[in-house]
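Peer 1: Okay, so here is protein_33.cif, and as you'll see once you scroll down, it has mmCIF, C-alpha atoms.
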```cif
data_run
#
loop_
_atom_site.label_atom_id
_atom_site.label_comp_id
_atom_site.auth_asym_id
_atom_site.auth_seq_id
_atom_site.Cartn_x
_atom_site.Cartn_y
_atom_site.Cartn_z
CA GLN A 1 0.00 0.00 0.00
CA VAL A 2 1.02 3.56 -0.70
CA GLN A 3 -0.06 6.55 1.32
CA LEU A 4 -0.07 10.11 0.01
CA VAL A 5 -0.17 13.06 2.39
CA GLU A 6 -0.77 16.54 1.03
CA SER A 7 -0.30 19.89 2.68
CA GLY A 8 -0.13 23.56 1.81
CA GLY A 9 -3.67 24.49 0.83
CA GLY A 10 -5.49 27.51 2.16
CA LEU A 11 -7.11 30.82 1.40
CA VAL A 12 -5.24 33.27 -0.81
CA GLN A 13 -6.13 36.47 -2.60
CA PRO A 14 -6.15 36.66 -6.40
CA GLY A 15 -2.62 37.11 -7.66
CA GLY A 16 -1.16 35.37 -4.65
CA SER A 17 0.88 32.20 -4.36
CA LEU A 18 0.70 28.87 -2.59
CA ARG A 19 2.97 25.84 -2.48
CA LEU A 20 1.49 22.39 -2.15
CA SER A 21 3.45 19.36 -0.98
CA CYS A 22 2.74 15.68 -1.34
CA THR A 23 4.80 12.97 0.31
CA ALA A 24 4.43 9.32 -0.60
CA SER A 25 5.17 6.52 1.82
CA GLY A 26 4.66 2.79 2.00
CA ASP A 27 5.45 0.06 -0.51
CA ILE A 28 6.77 2.21 -3.34
CA PHE A 29 8.54 0.02 -5.86
CA SER A 30 8.39 2.33 -8.83
CA ILE A 31 6.64 5.47 -9.92
CA THR A 32 5.14 5.72 -13.37
CA THR A 33 3.50 9.09 -12.79
CA MET A 34 3.14 11.37 -9.80
CA GLY A 35 1.48 14.72 -9.71
CA TRP A 36 -1.52 16.87 -9.00
CA TYR A 37 -5.16 16.91 -10.00
CA ARG A 38 -7.91 19.22 -8.87
CA GLN A 39 -11.67 19.17 -8.59
CA ALA A 40 -13.71 22.34 -8.47
CA PRO A 41 -17.29 22.34 -7.18
CA GLY A 42 -19.63 20.84 -9.74
CA LYS A 43 -16.79 19.85 -12.05
CA GLU A 44 -14.88 16.70 -12.85
CA ARG A 45 -11.42 16.05 -11.51
CA GLU A 46 -8.76 17.29 -13.91
CA LEU A 47 -5.02 17.07 -14.31
CA VAL A 48 -3.03 20.08 -13.15
CA ALA A 49 0.56 18.88 -13.50
CA ARG A 50 2.46 15.64 -13.20
CA PHE A 51 5.79 13.94 -13.71
CA THR A 52 6.11 10.92 -15.92
CA SER A 53 8.79 8.50 -14.74
CA HIS A 54 10.26 11.32 -12.63
CA ILE A 55 11.49 13.04 -15.75
CA THR A 56 8.93 14.74 -17.93
CA ALA A 57 6.64 17.37 -16.49
CA THR A 58 3.22 17.84 -18.07
CA TYR A 59 0.94 20.79 -17.37
CA ALA A 60 -2.67 21.56 -18.06
CA ASP A 61 -3.10 24.59 -20.28
CA SER A 62 -4.64 26.44 -17.34
CA ALA A 63 -1.50 25.85 -15.26
CA GLU A 64 1.17 26.45 -17.89
CA GLY A 65 3.29 29.47 -17.07
CA ARG A 66 1.83 29.97 -13.60
CA PHE A 67 2.36 26.65 -11.83
CA THR A 68 5.58 24.70 -11.42
CA ILE A 69 5.84 21.09 -10.36
CA SER A 70 9.05 19.93 -8.74
CA ARG A 71 10.21 16.88 -6.87
CA ASP A 72 12.57 15.58 -4.24
CA ASN A 73 13.19 11.96 -5.17
CA ALA A 74 15.00 11.19 -1.92
CA LYS A 75 11.91 12.22 0.02
CA ASN A 76 9.33 10.81 -2.44
CA THR A 77 7.82 14.26 -2.44
CA VAL A 78 6.37 16.41 -5.17
CA TYR A 79 5.61 20.08 -4.89
CA LEU A 80 3.29 22.39 -6.78
CA GLN A 81 4.25 26.04 -6.71
CA MET A 82 1.22 28.05 -7.76
CA ASN A 83 1.68 31.70 -8.66
CA SER A 84 -0.67 34.34 -10.01
CA LEU A 85 -3.61 32.45 -8.59
CA LYS A 86 -7.05 33.16 -9.97
CA PRO A 87 -10.52 32.58 -8.49
CA GLU A 88 -11.00 29.81 -11.04
CA ASP A 89 -8.12 27.92 -9.44
CA THR A 90 -10.34 27.35 -6.42
CA ALA A 91 -10.65 23.60 -5.95
CA VAL A 92 -9.62 20.63 -3.88
CA TYR A 93 -6.18 19.58 -5.05
CA TYR A 94 -5.34 15.89 -4.98
CA CYS A 95 -1.99 14.20 -5.16
CA ASN A 96 -1.88 11.18 -7.45
CA LEU A 97 0.62 8.35 -7.83
CA ASN A 98 0.60 5.56 -10.37
CA ASP A 99 3.13 2.80 -9.71
CA GLY A 100 2.21 0.85 -12.81
CA LEU A 101 0.00 -1.52 -10.87
CA SER A 102 -2.31 0.74 -8.89
CA ILE A 103 -3.38 4.35 -8.71
CA TYR A 104 -3.32 6.12 -5.38
CA TRP A 105 -4.92 9.37 -4.28
CA GLY A 106 -4.30 11.65 -1.35
CA GLN A 107 -7.08 13.01 0.81
CA GLY A 108 -6.97 16.37 -0.93
CA THR A 109 -6.10 19.86 0.19
CA ARG A 110 -8.44 22.78 -0.40
CA VAL A 111 -7.30 25.89 -2.22
CA THR A 112 -9.56 28.92 -2.16
CA VAL A 113 -8.69 32.01 -4.18
CA SER A 114 -10.84 34.90 -3.12
CA SER A 115 -10.63 38.51 -2.10
#
```
Using structure tokens, write down the structure from this file.

Peer 2:
Amino acid sequence: QVQLVESGGGLVQPGGSLRLSCTASGDIFSITTMGWYRQAPGKERELVARFTSHITATYADSAEGRFTISRDNAKNTVYLQMNSLKPEDTAVYYCNLNDGLSIYWGQGTRVTVSS
């Protein structure tokens, strides 16, 4: 089993920044993808950014240029630096890990962008 623990959400004003963290623990044998999804009220969960095989970073169009995903392989941790936040970024952000056999989700961390 793999556990994902997220942190870093909160309330921020438009134009502000937040940094999310996700640490994976447990029986991690390999990582195919690891990254961030989000789900806004009334909408489906969508990809924000992720690493593929710890190498290639992929971003949603809405995140490109404003968000940066990074990683610390030694700590099995990924980060999402979110800048220039907009009200439409308001959502619950979920960490996701695919080890090639199973897909794991964190409990989610809420991000609210509002003045």

Peer 1: Report as number ranges by chain all protein, DNA and RNA residues lying within 10 Å of segment 88-95 of chain A, evaluated on only C-alpha atoms, omitting residues in the same chain fewer than 5 positions from it.

Peer 2: A: 4-12, 14, 20-24, 34-41, 43, 45-50, 62-63, 78-80, 82, 104-114

Peer 1: Could you please determine the separation between atom CA of Asn98 of chain A and atom CA of Lys86 of chain A in Å, to one decimal place?

Peer 2: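 Distance reported for this atom pair: 28.6 Å.
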
Peer 1: Let me make sure I understand: among A:Ile103, A:Leu97, A:Ile69, A:Val2, which one has the smallest atom-to-atom distance to Thr33 of chain A if we use all atoms listed in the file?

Peer 2: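 Under the stated criterion, the closest residue is A:Leu97.
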
Peer 1: In the coordinate frame of the file, compute which residues have an atom within 9 Å of (6.5, 1.5, 1.0) when using only C-alpha atoms, and state them as a list in words.

Peer 2: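 With a cut-off of 9 Å, the residues come to Gln1, Val2, Gln3, Ala24, Ser25, Gly26, Asp27, Ile28 and Phe29 of chain A.
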
Peer 1: For Leu85 of chain A, which residue among A:Thr52, A:Arg66, A:Leu101, A:Asn73 is the nearest when counting all atoms listed in the file?

Peer 2: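 Checking each of A:Thr52, A:Arg66, A:Leu101, A:Asn73 against Leu85 of chain A, counting all atoms listed in the file, the winner is A:Arg66.
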
Peer 1: So how many Å separate atom CA of Ser17 of chain A and atom CA of Ser84 of chain A, to one decimal?

Peer 2: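 Separation between atom CA of Ser17 of chain A and atom CA of Ser84 of chain A: 6.2 Å.
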